[in-house]
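J.: Could you have a look at this structure, given as structure tokens, before my questions?
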Amino acid sequence: MDAQRAKARPAARRRLAALLLAAPLLWTSCGRPPARGPAARRVEPRVRAVLEAHVAAARAGSVPLLLVADAATSAPAKGPPGATPPPETVVSSGVPFAPGALRDVRLLRLRDGRGAQVPLRAKPLAVWPLDGSVRSALIAFRAALAPGERAIYTLEHGAPRRPATGAPPGEPPAGAPRPRAQASSAGQRADAPGIEGAVLDASLLPNPDGPIAAVLPPSWYAASQVCGPQLPAIDDRRFPGFESGIERALARMTPAYDAYGVSCAGAHRTYYDGPHALYQRFLRNGDAARYRRARAEAVWYRQHELRFSPDRRLAVHVCEREDWTPAAPLSWQVLRRMLGQGMLDDHLLTGDPAAKEAVLAMGEALRLNLPALTGGKEDVLRATERNMAWAMMTLSSYYALDPRPELLAALRGLADRTVAWQRQGASGAFEHDLHRADPSECERGPRGGSPFMTALLVDALMDYRALTGDPRVRDVVARAAGWLAERAITSDRRALRYLWGCETDAYDDSGTADLNLLIVPVFGAAYALTGDPRWIDVGDALADVGVKEMWVKQPKHWNQAMRAFGRYLGYRAATRLRPE
């Protein structure tokens with residue numbers, strides 16, 4: 001039987017390669033307006049075959065890695081006979097793993113399209129704090145592809161299929177450090193006889209903008225939870241209008257998305273975390289072009305919107321006063337421009353040390369600023385749900401990369417304040433003075449709430465829960481969902497009120513139904529935490545209206561829809577989240 005399996009593997013690998021080589025054309029077509037019917041439906045049968053092949057491979061402890069030489073596509077993919085072969089280059093990728101899936105990067109192995117093992121170096125980029133397993137690993141290797149060429153490699157993880165060669169039993173491969181014993185998630189040991197895996201290289205540097213991009217299937221990204229719950233775009237048969245509409249809006253945006261720059265007052269390009277939104281777009285589609293776009297936005301943000309202290313230990317947005325110190329509370333407009341989630345995405349998916357530096361520096365600036373934010377004349381973070389949300393997102397991203405006890409204490413402190421805030425009222429909202437938050441929107445509203453800002457806070461709480469397992473999040477989210485569904489919904493039940501509790505304007509109209517896409521993840525999170533299907537019924541009804549009324553003509557609105565609705569789809573498709 002073992003011999004038959006060994007003979008069958010090359011053929012199976014060739015079939016898988018043939019399917020996946022077609023995948024870039026299929027994946028990149030998702031969301032483009034076709035001649036007949038949504039693109040996701042039109043290509044689904046062939047894409048489904050690709051995903052089924054991936055699932056079969058994943059069960060055997062491997063995942064296909066698609067290499068695309070997309071940096072210069074003007075030259076022919078193959079030269080004439082006898083032409084000089086393309087030079088080798090370093091290819092790297094951040095590979096995410098679900099909690100508990102990988103505990104030692106030395107158990108990673110890479111094979112090319114012929115099944116030959118490829119020398120691989122790796123290091124962990126982050127761990128899941130609850131169990132210490134690898135959240136993302138940086139892998140790097142050498143490959144040679146002509147411009148426009150594609151190749152399928154296979155990344156194996158866990159127990160090897162056959163004994164390694166080239167080293168005596170029980171000995172590491174030549175040049176590899178002698179590891180100490182450590183169990184993998186499958187019960188394997190990294191120093192077990194016959195294992196020839198990746199070389200652990202703590203000084204490994206990535207090549208995220210090199211001529212060859214390496215990407216994984218969207219189903220792998222979704223299962224890894226690297227960016228929260230997600231559903232691959234090709235699997236979204238419930239809301240195909242969202243998939244086509246969000247892509248069409250980005251392509252036709254006028255002025256173009258990347259024509260926008262830094263603005264400290266009006267609409268600006270990265271509001272609602274543009275890098276985070278674009279990375280979610282990539283993860284849900286899994287193609288090199290979307291990867292390059294998200295990566296470019298993350299680099300642009302760091303180059304144009306962050307200001308570091310001379311020692312680069314702290315970073316704030318450029319809209320903050322130049323003489324700012326942690327003794328003065330960060331301004332509201334700066335809190336919403338500190339994009340911890342997007343920079344975390346960039347690091348976990350590329351390994352870029354500049355992204356990690358940004359996450360740590362923003363996080364440390366916020367941590368040192370907490371006494372000023374919460375202990376002055378007013379609690380700035382409780383002035384509006386959005387302020388608490390952005391602060392918690394930034395600090396959660398910091399803790400995700402540096403899980404020290406003092407950071408956990410600071411993060412739990414924010415959660416404590418959030419829980420107490422909600423409990424001070426009976427509505428389930430995070431009640432606050434609406435006039436103080438924005439005088440132009442409500443003349444008098446001493447105890448009100450903002451549904452869309454509440455959605456941002458729930459998003460932050462779910463990030464926090466994934467890192468800490470705090471059991472209080474379940475009840476907080478369920479109460480917020482109940483408030484939205486029972487008290488903050490409009491009379492026609494087509495939208496959530498822009499503001500709830502404003503005494504001078506009831507906001508009882510569905511003119512802002514496009515915000516439904518930002519808000520419905522609250523119902524998705526409530527479903528994932530409680531298992532109660534009524535939250536999906538409520539969410540779907542509002543999502544149908546939101547997709548129909550989707551307004552995404554500027555980066556701000558595109559970002560808020562893209563960053564949120566993919567998570568709703570992920571919650572909707574997932575089974576109940578693990579109990580605390």
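By convention in this document, the chains of the structure tokens carry letters A, B, ... by their order, each chain's residues are numbered from 1, and ligands are numbered from 1 in the order they are shown.
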Hey, what's within 8 Å of stretch 384-398 of chain A if we count only C-alpha atoms and toss same-chain stuff fewer than 4 positions away? As a PyMOL selection string, please?

T.: chain A and resi 332+335-336+338-341+344+359-360+362-364+366-367+380+402-403+407+411+414+418+430+432+434+437+450+453-454+456-461+463-464+467

J.: Could you write those residues out with C-alpha atoms, as a compact mmCIF listing (two decimals), in the first residue's frame?

T.:
```txt
# COMPACT_ATOMS: atom_id res chain seq x y z
CA TRP A 332 -9.71 61.92 18.75
CA LEU A 335 -6.88 57.70 17.69
CA ARG A 336 -8.91 56.79 14.61
CA MET A 338 -3.61 54.68 14.43
CA LEU A 339 -3.99 51.60 12.26
CA GLY A 340 -2.84 48.72 14.44
CA GLN A 341 -4.92 46.07 12.67
CA LEU A 344 -0.46 43.65 12.18
CA VAL A 359 2.70 48.08 15.64
CA LEU A 360 4.99 48.15 18.67
CA MET A 362 1.98 52.83 18.12
CA GLY A 363 1.06 50.39 20.86
CA GLU A 364 3.67 51.73 23.26
CA LEU A 366 -0.96 54.38 23.41
CA ARG A 367 -0.03 52.35 26.49
CA VAL A 380 -11.67 60.28 26.42
CA ASP A 402 4.56 41.09 22.24
CA PRO A 403 2.46 39.12 24.74
CA LEU A 407 0.55 44.60 28.05
CA LEU A 411 -5.50 45.45 27.58
CA LEU A 414 -9.58 48.59 28.66
CA THR A 418 -15.81 48.67 28.49
CA PHE A 430 -22.49 52.06 25.54
CA HIS A 432 -22.70 58.57 26.34
CA LEU A 434 -24.15 62.35 21.85
CA ALA A 437 -19.27 63.41 20.56
CA SER A 450 -24.06 55.08 18.03
CA MET A 453 -19.43 53.05 16.41
CA THR A 454 -20.65 50.20 18.59
CA LEU A 456 -16.25 49.03 15.75
CA LEU A 457 -16.06 48.40 19.49
CA VAL A 458 -17.45 44.89 19.09
CA ASP A 459 -14.83 44.25 16.41
CA ALA A 460 -12.15 45.31 18.89
CA LEU A 461 -13.65 43.13 21.63
CA ASP A 463 -9.91 40.68 18.59
CA TYR A 464 -9.30 40.96 22.33
CA LEU A 467 -6.07 36.73 22.29
```

J.: Please compute the atom CA of A:Leu120-atom CA of A:Glu149 distance, one decimal, in Å.

T.: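 So the two atoms, atom CA of A:Leu120 and atom CA of A:Glu149, lie 21.3 Å apart.
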
J.: Would you list the contacts of stretch 217-220 of chain A as a PyMOL selection string, taking every protein, DNA or RNA residue within 6 Å and counting only C-alpha atoms, but skipping same-chain residues closer than 6 positions in sequence?

T.: chain A and resi 232+283-286

J.: Just to be explicit: take each residue in the selection above, keep N, CA, C and O atoms, and write the result as a JSON list (two decimals), in the first residue's frame.

T.:
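Wrote again39.json, looks like this:
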```
[["chain", "number", "residue", "atom", "x", "y", "z"],
["A", 232, "PRO", "N", -14.11, 32.82, 2.03],
["A", 232, "PRO", "CA", -13.59, 33.12, 0.68],
["A", 232, "PRO", "C", -14.67, 33.71, -0.20],
["A", 232, "PRO", "O", -15.84, 33.29, -0.16],
["A", 283, "LEU", "N", -7.08, 38.32, 1.39],
["A", 283, "LEU", "CA", -7.26, 37.04, 2.06],
["A", 283, "LEU", "C", -8.50, 36.31, 1.56],
["A", 283, "LEU", "O", -8.52, 35.08, 1.49],
["A", 284, "ARG", "N", -9.53, 37.04, 1.21],
["A", 284, "ARG", "CA", -10.77, 36.42, 0.75],
["A", 284, "ARG", "C", -10.68, 35.97, -0.70],
["A", 284, "ARG", "O", -11.56, 35.26, -1.18],
["A", 285, "ASN", "N", -9.64, 36.39, -1.42],
["A", 285, "ASN", "CA", -9.48, 36.00, -2.83],
["A", 285, "ASN", "C", -8.20, 35.23, -3.09],
["A", 285, "ASN", "O", -8.16, 34.38, -3.97],
["A", 286, "GLY", "N", -7.13, 35.53, -2.38],
["A", 286, "GLY", "CA", -5.90, 34.75, -2.43],
["A", 286, "GLY", "C", -5.06, 34.90, -3.67],
["A", 286, "GLY", "O", -4.27, 34.02, -3.97]]
```

J.: Just checking: using only C-alpha atoms, which residue out of A:Ala256, A:Val522, A:Ala213, A:Leu542 ends up closest to A:Met462?

T.: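 Distance minimum relative to A:Met462 lands on A:Val522.
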
J.: Enumerate the residues of stretch 303-340 of chain A with a DSSP assignment of strand (DSSP E or B), computed from the backbone, and present them as number ranges by chain.

T.: A: 306-308, 315-317

J.: Considering only C-alpha atoms, state which residue in the set A:Ala137, A:Cys502, A:Val476, A:Leu314 is at the smallest distance from A:Glu441.

T.: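 Answer, going by the shortest atom-to-atom distance: A:Cys502.
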